[in-house]
Amino acid sequence: MRLFVSVALPARLVDDVAAIQDDLDDVAGCRLTDPAQAHVTLAFLGDVPDTDVPAIEGALDRAVERAGIAPFEADIGGLGAFPSPENPSVVWLGFERGGDRLTRLHDAVEAELEPLGFDPDDRPFTPHVTVARVDRGGDTEGVQRVLRDRSPRVGEMRVSEIRLTESTLTDDGPVYAPVASASLPA
């Protein structure tokens, strides 16, 4: 199973995410993500044996307790790019509010998964929702123009759980399915 830990965006924000992607649709070399599968990745686990899933579920339960965060509201807005706007390979929506709590969840998830053999990411965590990937040789200037000219506000979402999500790669792109979830303590 190819797994990651995530926070899913609510279905009511799908059209808002898609509207942001419209600005990137005509930019050469931009591959848009499926807005119906929009999410924040807290940790990517990679290929994991089915037999490890119960231990991961336990780690996620411990992570939400460790983070000590009650359900909260987060505002999605603003565009950015990895590794940088000058050299974009991923275009993303950021968080105007709630990003600090998403970071705490990420830190707690990594801390609980590390004893199970999952190495923490060595890059700094930036809470984000990926909206497009930019191919090598894509229209960097077109992406930069969108980043410069647009400062979208997508909307507000309530974060009340984290999910263990399976990613199945297909010719039409990845398909995500929830495997388990851990609710934030009230």
# chains A, B, ... in the order shown; residues from 1 in each chain; ligands from 1

$ residues_around --residues "Pro127 (chain A)" --least-positions-apart "3" --cutoff "8 Å" --atoms "only C-alpha atoms" --output "number ranges by chain"
A: 40-42, 94-95, 99, 102-103

$ residues_around --residues "region 108-122 of chain A" --least-positions-apart "2" --cutoff "6 Å" --atoms "only C-alpha atoms" --output "PyMOL selection string"
chain A and resi 59+63+67+105-106

$ atom_distance --atom1 "CA of Gly78 (chain A)" --atom2 "CA of Arg133 (chain A)"
16.6 Å

$ closest_residue --among "A:Glu96, A:Asp171, A:Asp15, A:Asp52" --to "Leu79 (chain A)" --atoms "only C-alpha atoms"
A:Glu96

$ residues_around --residues "Ser160 (chain A)" --least-positions-apart "6" --cutoff "6 Å" --atoms "only C-alpha atoms" --output "NGL selection string"
:A and (71 or 183-184)

$ atom_distance --atom1 "CA of Ser89 (chain A)" --atom2 "CA of Cys30 (chain A)"
8.9 Å

$ select_by_dssp --residues "region 1-172 of chain A" --states "alpha helix (DSSP H)" --output "PyMOL selection string"
chain A and resi 14-25+53-67+99-113+140-149

$ write_last_selection --atoms "N, CA and C atoms" --output "short mmCIF file (atom, residue, chain, number, x, y, z; two decimals), in the first residue's frame"
data_model
loop_
_atom_site.label_atom_id
_atom_site.label_comp_id
_atom_site.auth_asym_id
_atom_site.auth_seq_id
_atom_site.Cartn_x
_atom_site.Cartn_y
_atom_site.Cartn_z
N VAL A 14 -14.28 22.35 -3.34
CA VAL A 14 -13.77 21.81 -4.60
C VAL A 14 -13.87 22.84 -5.72
N ASP A 15 -15.03 23.48 -5.87
CA ASP A 15 -15.20 24.46 -6.95
C ASP A 15 -14.28 25.66 -6.78
N ASP A 16 -14.02 26.06 -5.53
CA ASP A 16 -13.12 27.19 -5.28
C ASP A 16 -11.68 26.84 -5.66
N VAL A 17 -11.26 25.62 -5.35
CA VAL A 17 -9.92 25.19 -5.73
C VAL A 17 -9.83 25.11 -7.25
N ALA A 18 -10.87 24.57 -7.89
CA ALA A 18 -10.88 24.46 -9.35
C ALA A 18 -10.82 25.84 -10.01
N ALA A 19 -11.47 26.83 -9.41
CA ALA A 19 -11.44 28.18 -9.97
C ALA A 19 -10.02 28.75 -9.96
N ILE A 20 -9.26 28.46 -8.92
CA ILE A 20 -7.87 28.90 -8.85
C ILE A 20 -7.07 28.20 -9.94
N GLN A 21 -7.34 26.92 -10.15
CA GLN A 21 -6.62 26.15 -11.16
C GLN A 21 -6.90 26.66 -12.57
N ASP A 22 -8.06 27.28 -12.78
CA ASP A 22 -8.37 27.82 -14.11
C ASP A 22 -7.28 28.77 -14.60
N ASP A 23 -6.69 29.52 -13.67
CA ASP A 23 -5.62 30.47 -14.04
C ASP A 23 -4.36 29.76 -14.52
N LEU A 24 -4.19 28.50 -14.11
CA LEU A 24 -2.99 27.73 -14.48
C LEU A 24 -3.24 26.79 -15.65
N ASP A 25 -4.50 26.63 -16.03
CA ASP A 25 -4.87 25.65 -17.05
C ASP A 25 -4.23 25.93 -18.40
N VAL A 53 -0.29 -1.42 9.00
CA VAL A 53 -1.37 -0.43 9.14
C VAL A 53 -1.86 -0.30 10.58
N PRO A 54 -2.11 -1.37 11.32
CA PRO A 54 -2.57 -1.19 12.71
C PRO A 54 -1.60 -0.37 13.57
N ALA A 55 -0.31 -0.59 13.41
CA ALA A 55 0.67 0.19 14.18
C ALA A 55 0.64 1.66 13.77
N ILE A 56 0.45 1.92 12.49
CA ILE A 56 0.36 3.31 12.02
C ILE A 56 -0.90 3.97 12.57
N GLU A 57 -2.00 3.24 12.57
CA GLU A 57 -3.24 3.78 13.15
C GLU A 57 -3.02 4.17 14.61
N GLY A 58 -2.34 3.32 15.36
CA GLY A 58 -2.04 3.64 16.76
C GLY A 58 -1.17 4.88 16.87
N ALA A 59 -0.20 5.01 15.97
CA ALA A 59 0.68 6.19 15.98
C ALA A 59 -0.13 7.46 15.70
N LEU A 60 -1.10 7.38 14.81
CA LEU A 60 -1.92 8.57 14.52
C LEU A 60 -2.79 8.94 15.71
N ASP A 61 -3.34 7.94 16.40
CA ASP A 61 -4.12 8.23 17.62
C ASP A 61 -3.24 8.93 18.65
N ARG A 62 -2.01 8.45 18.81
CA ARG A 62 -1.09 9.08 19.76
C ARG A 62 -0.69 10.48 19.29
N ALA A 63 -0.56 10.66 17.99
CA ALA A 63 -0.14 11.96 17.45
C ALA A 63 -1.16 13.05 17.74
N VAL A 64 -2.45 12.75 17.58
CA VAL A 64 -3.44 13.80 17.85
C VAL A 64 -3.47 14.14 19.34
N GLU A 65 -3.21 13.14 20.18
CA GLU A 65 -3.13 13.42 21.62
C GLU A 65 -1.88 14.25 21.92
N ARG A 66 -0.76 13.89 21.31
CA ARG A 66 0.50 14.60 21.53
C ARG A 66 0.38 16.06 21.11
N ALA A 67 -0.25 16.30 19.96
CA ALA A 67 -0.38 17.67 19.45
C ALA A 67 -1.24 18.51 20.39
N GLY A 99 -2.35 27.50 9.96
CA GLY A 99 -1.13 26.83 9.52
C GLY A 99 -0.24 26.40 10.67
N ASP A 100 -0.23 27.19 11.75
CA ASP A 100 0.59 26.83 12.91
C ASP A 100 0.10 25.54 13.55
N ARG A 101 -1.22 25.33 13.57
CA ARG A 101 -1.76 24.11 14.15
C ARG A 101 -1.55 22.91 13.22
N LEU A 102 -1.62 23.14 11.92
CA LEU A 102 -1.30 22.07 10.98
C LEU A 102 0.17 21.65 11.13
N THR A 103 1.03 22.62 11.37
CA THR A 103 2.45 22.32 11.59
C THR A 103 2.62 21.49 12.87
N ARG A 104 1.88 21.83 13.92
CA ARG A 104 1.96 21.04 15.16
C ARG A 104 1.49 19.61 14.92
N LEU A 105 0.43 19.46 14.13
CA LEU A 105 -0.04 18.11 13.80
C LEU A 105 1.04 17.34 13.02
N HIS A 106 1.63 18.01 12.04
CA HIS A 106 2.72 17.39 11.26
C HIS A 106 3.85 16.93 12.18
N ASP A 107 4.28 17.81 13.07
CA ASP A 107 5.39 17.49 13.97
C ASP A 107 5.05 16.29 14.86
N ALA A 108 3.81 16.25 15.37
CA ALA A 108 3.39 15.14 16.23
C ALA A 108 3.29 13.84 15.44
N VAL A 109 2.79 13.91 14.20
CA VAL A 109 2.70 12.72 13.36
C VAL A 109 4.10 12.16 13.10
N GLU A 110 5.02 13.02 12.72
CA GLU A 110 6.39 12.54 12.46
C GLU A 110 7.02 11.94 13.72
N ALA A 111 6.79 12.58 14.87
CA ALA A 111 7.37 12.07 16.12
C ALA A 111 6.83 10.68 16.47
N GLU A 112 5.56 10.45 16.19
CA GLU A 112 4.97 9.14 16.51
C GLU A 112 5.29 8.07 15.47
N LEU A 113 5.55 8.49 14.23
CA LEU A 113 5.87 7.52 13.18
C LEU A 113 7.35 7.12 13.17
N THR A 140 7.67 28.70 -17.00
CA THR A 140 7.98 29.27 -15.69
C THR A 140 7.45 30.69 -15.57
N GLU A 141 7.61 31.49 -16.61
CA GLU A 141 7.13 32.88 -16.57
C GLU A 141 5.62 32.93 -16.42
N GLY A 142 4.90 32.02 -17.07
CA GLY A 142 3.44 31.97 -16.92
C GLY A 142 3.03 31.65 -15.50
N VAL A 143 3.74 30.69 -14.88
CA VAL A 143 3.47 30.35 -13.48
C VAL A 143 3.77 31.55 -12.60
N GLN A 144 4.91 32.19 -12.82
CA GLN A 144 5.28 33.35 -12.01
C GLN A 144 4.27 34.47 -12.15
N ARG A 145 3.71 34.66 -13.33
CA ARG A 145 2.70 35.69 -13.55
C ARG A 145 1.45 35.40 -12.69
N VAL A 146 1.03 34.14 -12.68
CA VAL A 146 -0.13 33.77 -11.86
C VAL A 146 0.19 33.99 -10.38
N LEU A 147 1.38 33.57 -9.95
CA LEU A 147 1.77 33.76 -8.55
C LEU A 147 1.79 35.23 -8.17
N ARG A 148 2.24 36.07 -9.09
CA ARG A 148 2.35 37.50 -8.81
C ARG A 148 0.99 38.20 -8.85
N ASP A 149 0.15 37.82 -9.82
CA ASP A 149 -1.09 38.56 -10.06
C ASP A 149 -2.27 38.07 -9.24
#

$ select_by_dssp --residues "region 68-138 of chain A" --states "strand (DSSP E or B)" --output "MDAnalysis selection string"
chainID A and resid 72:84 87:97 129:134

$ write_last_selection --atoms "C-alpha atoms" --output "mmCIF file, in the first residue's frame"
data_model
loop_
_atom_site.group_PDB
_atom_site.id
_atom_site.type_symbol
_atom_site.label_atom_id
_atom_site.label_comp_id
_atom_site.auth_asym_id
_atom_site.auth_seq_id
_atom_site.Cartn_x
_atom_site.Cartn_y
_atom_site.Cartn_z
ATOM 1 C CA PHE A 72 -10.088 24.268 14.636
ATOM 2 C CA GLU A 73 -10.876 26.530 11.697
ATOM 3 C CA ALA A 74 -8.283 27.137 8.994
ATOM 4 C CA ASP A 75 -8.385 29.705 6.177
ATOM 5 C CA ILE A 76 -6.974 28.647 2.810
ATOM 6 C CA GLY A 77 -5.541 31.388 0.653
ATOM 7 C CA GLY A 78 -2.544 32.769 -1.166
ATOM 8 C CA LEU A 79 -0.394 31.009 -3.753
ATOM 9 C CA GLY A 80 3.179 29.794 -3.499
ATOM 10 C CA ALA A 81 5.583 27.436 -5.230
ATOM 11 C CA PHE A 82 8.184 24.828 -4.337
ATOM 12 C CA PRO A 83 11.099 24.940 -4.375
ATOM 13 C CA SER A 84 10.689 28.674 -5.078
ATOM 14 C CA ASN A 87 11.992 27.798 -10.105
ATOM 15 C CA PRO A 88 8.482 26.364 -9.600
ATOM 16 C CA SER A 89 7.857 22.642 -9.744
ATOM 17 C CA VAL A 90 4.791 22.600 -7.448
ATOM 18 C CA VAL A 91 2.165 25.357 -7.193
ATOM 19 C CA TRP A 92 0.215 25.419 -3.959
ATOM 20 C CA LEU A 93 -2.411 27.189 -1.889
ATOM 21 C CA GLY A 94 -1.284 28.201 1.579
ATOM 22 C CA PHE A 95 -3.001 28.904 4.878
ATOM 23 C CA GLU A 96 -3.795 32.374 6.163
ATOM 24 C CA ARG A 97 -4.992 30.971 9.497
ATOM 25 C CA VAL A 129 -2.651 22.208 -0.823
ATOM 26 C CA THR A 130 -0.994 21.251 -4.122
ATOM 27 C CA VAL A 131 -2.953 22.613 -7.113
ATOM 28 C CA ALA A 132 -0.491 21.934 -9.954
ATOM 29 C CA ARG A 133 2.827 20.405 -10.848
ATOM 30 C CA VAL A 134 5.097 22.151 -13.335
#

$ atom_distance --atom1 "CA of Ile69 (chain A)" --atom2 "CA of Asp47 (chain A)"
28.8 Å

$ decode --residues "region 80-107 of chain A" --atoms "N, CA, C and O atoms" --output "PDB file, in the first residue's frame"
ATOM      1  N   GLY A  80       1.729  29.898  -3.627  1.00  0.00           N
ATOM      2  CA  GLY A  80       3.179  29.794  -3.499  1.00  0.00           C
ATOM      3  C   GLY A  80       3.678  28.693  -4.407  1.00  0.00           C
ATOM      4  O   GLY A  80       2.895  28.040  -5.111  1.00  0.00           O
ATOM      5  N   ALA A  81       4.989  28.474  -4.389  1.00  0.00           N
ATOM      6  CA  ALA A  81       5.583  27.436  -5.230  1.00  0.00           C
ATOM      7  C   ALA A  81       6.791  26.826  -4.535  1.00  0.00           C
ATOM      8  O   ALA A  81       7.521  27.513  -3.818  1.00  0.00           O
ATOM      9  N   PHE A  82       6.975  25.535  -4.762  1.00  0.00           N
ATOM     10  CA  PHE A  82       8.184  24.828  -4.337  1.00  0.00           C
ATOM     11  C   PHE A  82       9.002  24.541  -5.567  1.00  0.00           C
ATOM     12  O   PHE A  82       8.437  24.270  -6.624  1.00  0.00           O
ATOM     13  N   PRO A  83      10.299  24.538  -5.526  1.00  0.00           N
ATOM     14  CA  PRO A  83      11.099  24.940  -4.375  1.00  0.00           C
ATOM     15  C   PRO A  83      11.119  26.455  -4.154  1.00  0.00           C
ATOM     16  O   PRO A  83      11.402  26.919  -3.064  1.00  0.00           O
ATOM     17  N   SER A  84      10.751  27.220  -5.203  1.00  0.00           N
ATOM     18  CA  SER A  84      10.689  28.674  -5.078  1.00  0.00           C
ATOM     19  C   SER A  84       9.872  29.225  -6.241  1.00  0.00           C
ATOM     20  O   SER A  84       9.728  28.560  -7.269  1.00  0.00           O
ATOM     21  N   PRO A  85       9.376  30.456  -6.120  1.00  0.00           N
ATOM     22  CA  PRO A  85       8.662  31.060  -7.252  1.00  0.00           C
ATOM     23  C   PRO A  85       9.548  31.235  -8.487  1.00  0.00           C
ATOM     24  O   PRO A  85       9.056  31.203  -9.617  1.00  0.00           O
ATOM     25  N   GLU A  86      10.845  31.373  -8.285  1.00  0.00           N
ATOM     26  CA  GLU A  86      11.763  31.535  -9.407  1.00  0.00           C
ATOM     27  C   GLU A  86      11.976  30.224 -10.181  1.00  0.00           C
ATOM     28  O   GLU A  86      12.323  30.237 -11.353  1.00  0.00           O
ATOM     29  N   ASN A  87      11.775  29.104  -9.505  1.00  0.00           N
ATOM     30  CA  ASN A  87      11.992  27.798 -10.105  1.00  0.00           C
ATOM     31  C   ASN A  87      10.863  26.851  -9.684  1.00  0.00           C
ATOM     32  O   ASN A  87      11.085  25.883  -8.963  1.00  0.00           O
ATOM     33  N   PRO A  88       9.629  27.127 -10.121  1.00  0.00           N
ATOM     34  CA  PRO A  88       8.482  26.364  -9.600  1.00  0.00           C
ATOM     35  C   PRO A  88       8.380  24.954 -10.179  1.00  0.00           C
ATOM     36  O   PRO A  88       8.492  24.758 -11.380  1.00  0.00           O
ATOM     37  N   SER A  89       8.188  23.991  -9.295  1.00  0.00           N
ATOM     38  CA  SER A  89       7.857  22.642  -9.744  1.00  0.00           C
ATOM     39  C   SER A  89       6.507  22.202  -9.164  1.00  0.00           C
ATOM     40  O   SER A  89       5.868  21.314  -9.704  1.00  0.00           O
ATOM     41  N   VAL A  90       6.094  22.839  -8.062  1.00  0.00           N
ATOM     42  CA  VAL A  90       4.791  22.600  -7.448  1.00  0.00           C
ATOM     43  C   VAL A  90       4.171  23.957  -7.138  1.00  0.00           C
ATOM     44  O   VAL A  90       4.829  24.825  -6.562  1.00  0.00           O
ATOM     45  N   VAL A  91       2.912  24.138  -7.531  1.00  0.00           N
ATOM     46  CA  VAL A  91       2.165  25.357  -7.193  1.00  0.00           C
ATOM     47  C   VAL A  91       1.147  24.968  -6.125  1.00  0.00           C
ATOM     48  O   VAL A  91       0.462  23.946  -6.257  1.00  0.00           O
ATOM     49  N   TRP A  92       1.061  25.786  -5.077  1.00  0.00           N
ATOM     50  CA  TRP A  92       0.215  25.419  -3.959  1.00  0.00           C
ATOM     51  C   TRP A  92      -0.564  26.603  -3.389  1.00  0.00           C
ATOM     52  O   TRP A  92      -0.199  27.759  -3.577  1.00  0.00           O
ATOM     53  N   LEU A  93      -1.641  26.247  -2.700  1.00  0.00           N
ATOM     54  CA  LEU A  93      -2.411  27.189  -1.889  1.00  0.00           C
ATOM     55  C   LEU A  93      -1.918  27.068  -0.458  1.00  0.00           C
ATOM     56  O   LEU A  93      -1.711  25.957   0.044  1.00  0.00           O
ATOM     57  N   GLY A  94      -1.759  28.209   0.206  1.00  0.00           N
ATOM     58  CA  GLY A  94      -1.284  28.201   1.579  1.00  0.00           C
ATOM     59  C   GLY A  94      -2.414  28.414   2.574  1.00  0.00           C
ATOM     60  O   GLY A  94      -3.595  28.346   2.233  1.00  0.00           O
ATOM     61  N   PHE A  95      -2.033  28.692   3.800  1.00  0.00           N
ATOM     62  CA  PHE A  95      -3.001  28.904   4.878  1.00  0.00           C
ATOM     63  C   PHE A  95      -2.784  30.268   5.506  1.00  0.00           C
ATOM     64  O   PHE A  95      -1.677  30.594   5.926  1.00  0.00           O
ATOM     65  N   GLU A  96      -3.845  31.054   5.543  1.00  0.00           N
ATOM     66  CA  GLU A  96      -3.795  32.374   6.163  1.00  0.00           C
ATOM     67  C   GLU A  96      -4.043  32.281   7.661  1.00  0.00           C
ATOM     68  O   GLU A  96      -3.677  33.178   8.412  1.00  0.00           O
ATOM     69  N   ARG A  97      -4.732  31.214   8.076  1.00  0.00           N
ATOM     70  CA  ARG A  97      -4.992  30.971   9.497  1.00  0.00           C
ATOM     71  C   ARG A  97      -5.029  29.466   9.700  1.00  0.00           C
ATOM     72  O   ARG A  97      -5.529  28.727   8.864  1.00  0.00           O
ATOM     73  N   GLY A  98      -4.472  29.011  10.802  1.00  0.00           N
ATOM     74  CA  GLY A  98      -4.486  27.590  11.126  1.00  0.00           C
ATOM     75  C   GLY A  98      -3.232  26.841  10.704  1.00  0.00           C
ATOM     76  O   GLY A  98      -3.066  25.678  11.065  1.00  0.00           O
ATOM     77  N   GLY A  99      -2.352  27.497   9.959  1.00  0.00           N
ATOM     78  CA  GLY A  99      -1.127  26.835   9.520  1.00  0.00           C
ATOM     79  C   GLY A  99      -0.244  26.401  10.671  1.00  0.00           C
ATOM     80  O   GLY A  99       0.400  25.346  10.604  1.00  0.00           O
ATOM     81  N   ASP A 100      -0.231  27.189  11.749  1.00  0.00           N
ATOM     82  CA  ASP A 100       0.586  26.831  12.909  1.00  0.00           C
ATOM     83  C   ASP A 100       0.098  25.541  13.550  1.00  0.00           C
ATOM     84  O   ASP A 100       0.886  24.693  13.960  1.00  0.00           O
ATOM     85  N   ARG A 101      -1.223  25.335  13.569  1.00  0.00           N
ATOM     86  CA  ARG A 101      -1.764  24.109  14.152  1.00  0.00           C
ATOM     87  C   ARG A 101      -1.545  22.908  13.220  1.00  0.00           C
ATOM     88  O   ARG A 101      -1.291  21.794  13.676  1.00  0.00           O
ATOM     89  N   LEU A 102      -1.622  23.144  11.917  1.00  0.00           N
ATOM     90  CA  LEU A 102      -1.299  22.069  10.976  1.00  0.00           C
ATOM     91  C   LEU A 102       0.166  21.650  11.130  1.00  0.00           C
ATOM     92  O   LEU A 102       0.491  20.461  11.058  1.00  0.00           O
ATOM     93  N   THR A 103       1.030  22.615  11.372  1.00  0.00           N
ATOM     94  CA  THR A 103       2.447  22.316  11.594  1.00  0.00           C
ATOM     95  C   THR A 103       2.622  21.493  12.872  1.00  0.00           C
ATOM     96  O   THR A 103       3.412  20.540  12.900  1.00  0.00           O
ATOM     97  N   ARG A 104       1.883  21.833  13.918  1.00  0.00           N
ATOM     98  CA  ARG A 104       1.962  21.040  15.157  1.00  0.00           C
ATOM     99  C   ARG A 104       1.490  19.609  14.925  1.00  0.00           C
ATOM    100  O   ARG A 104       2.073  18.664  15.461  1.00  0.00           O
ATOM    101  N   LEU A 105       0.429  19.460  14.131  1.00  0.00           N
ATOM    102  CA  LEU A 105      -0.037  18.108  13.803  1.00  0.00           C
ATOM    103  C   LEU A 105       1.036  17.345  13.022  1.00  0.00           C
ATOM    104  O   LEU A 105       1.325  16.174  13.314  1.00  0.00           O
ATOM    105  N   HIS A 106       1.632  18.010  12.040  1.00  0.00           N
ATOM    106  CA  HIS A 106       2.717  17.392  11.261  1.00  0.00           C
ATOM    107  C   HIS A 106       3.852  16.935  12.175  1.00  0.00           C
ATOM    108  O   HIS A 106       4.344  15.800  12.066  1.00  0.00           O
ATOM    109  N   ASP A 107       4.279  17.815  13.075  1.00  0.00           N
ATOM    110  CA  ASP A 107       5.385  17.487  13.974  1.00  0.00           C
ATOM    111  C   ASP A 107       5.045  16.287  14.861  1.00  0.00           C
ATOM    112  O   ASP A 107       5.880  15.394  15.069  1.00  0.00           O
TER     113      ASP A 107
END
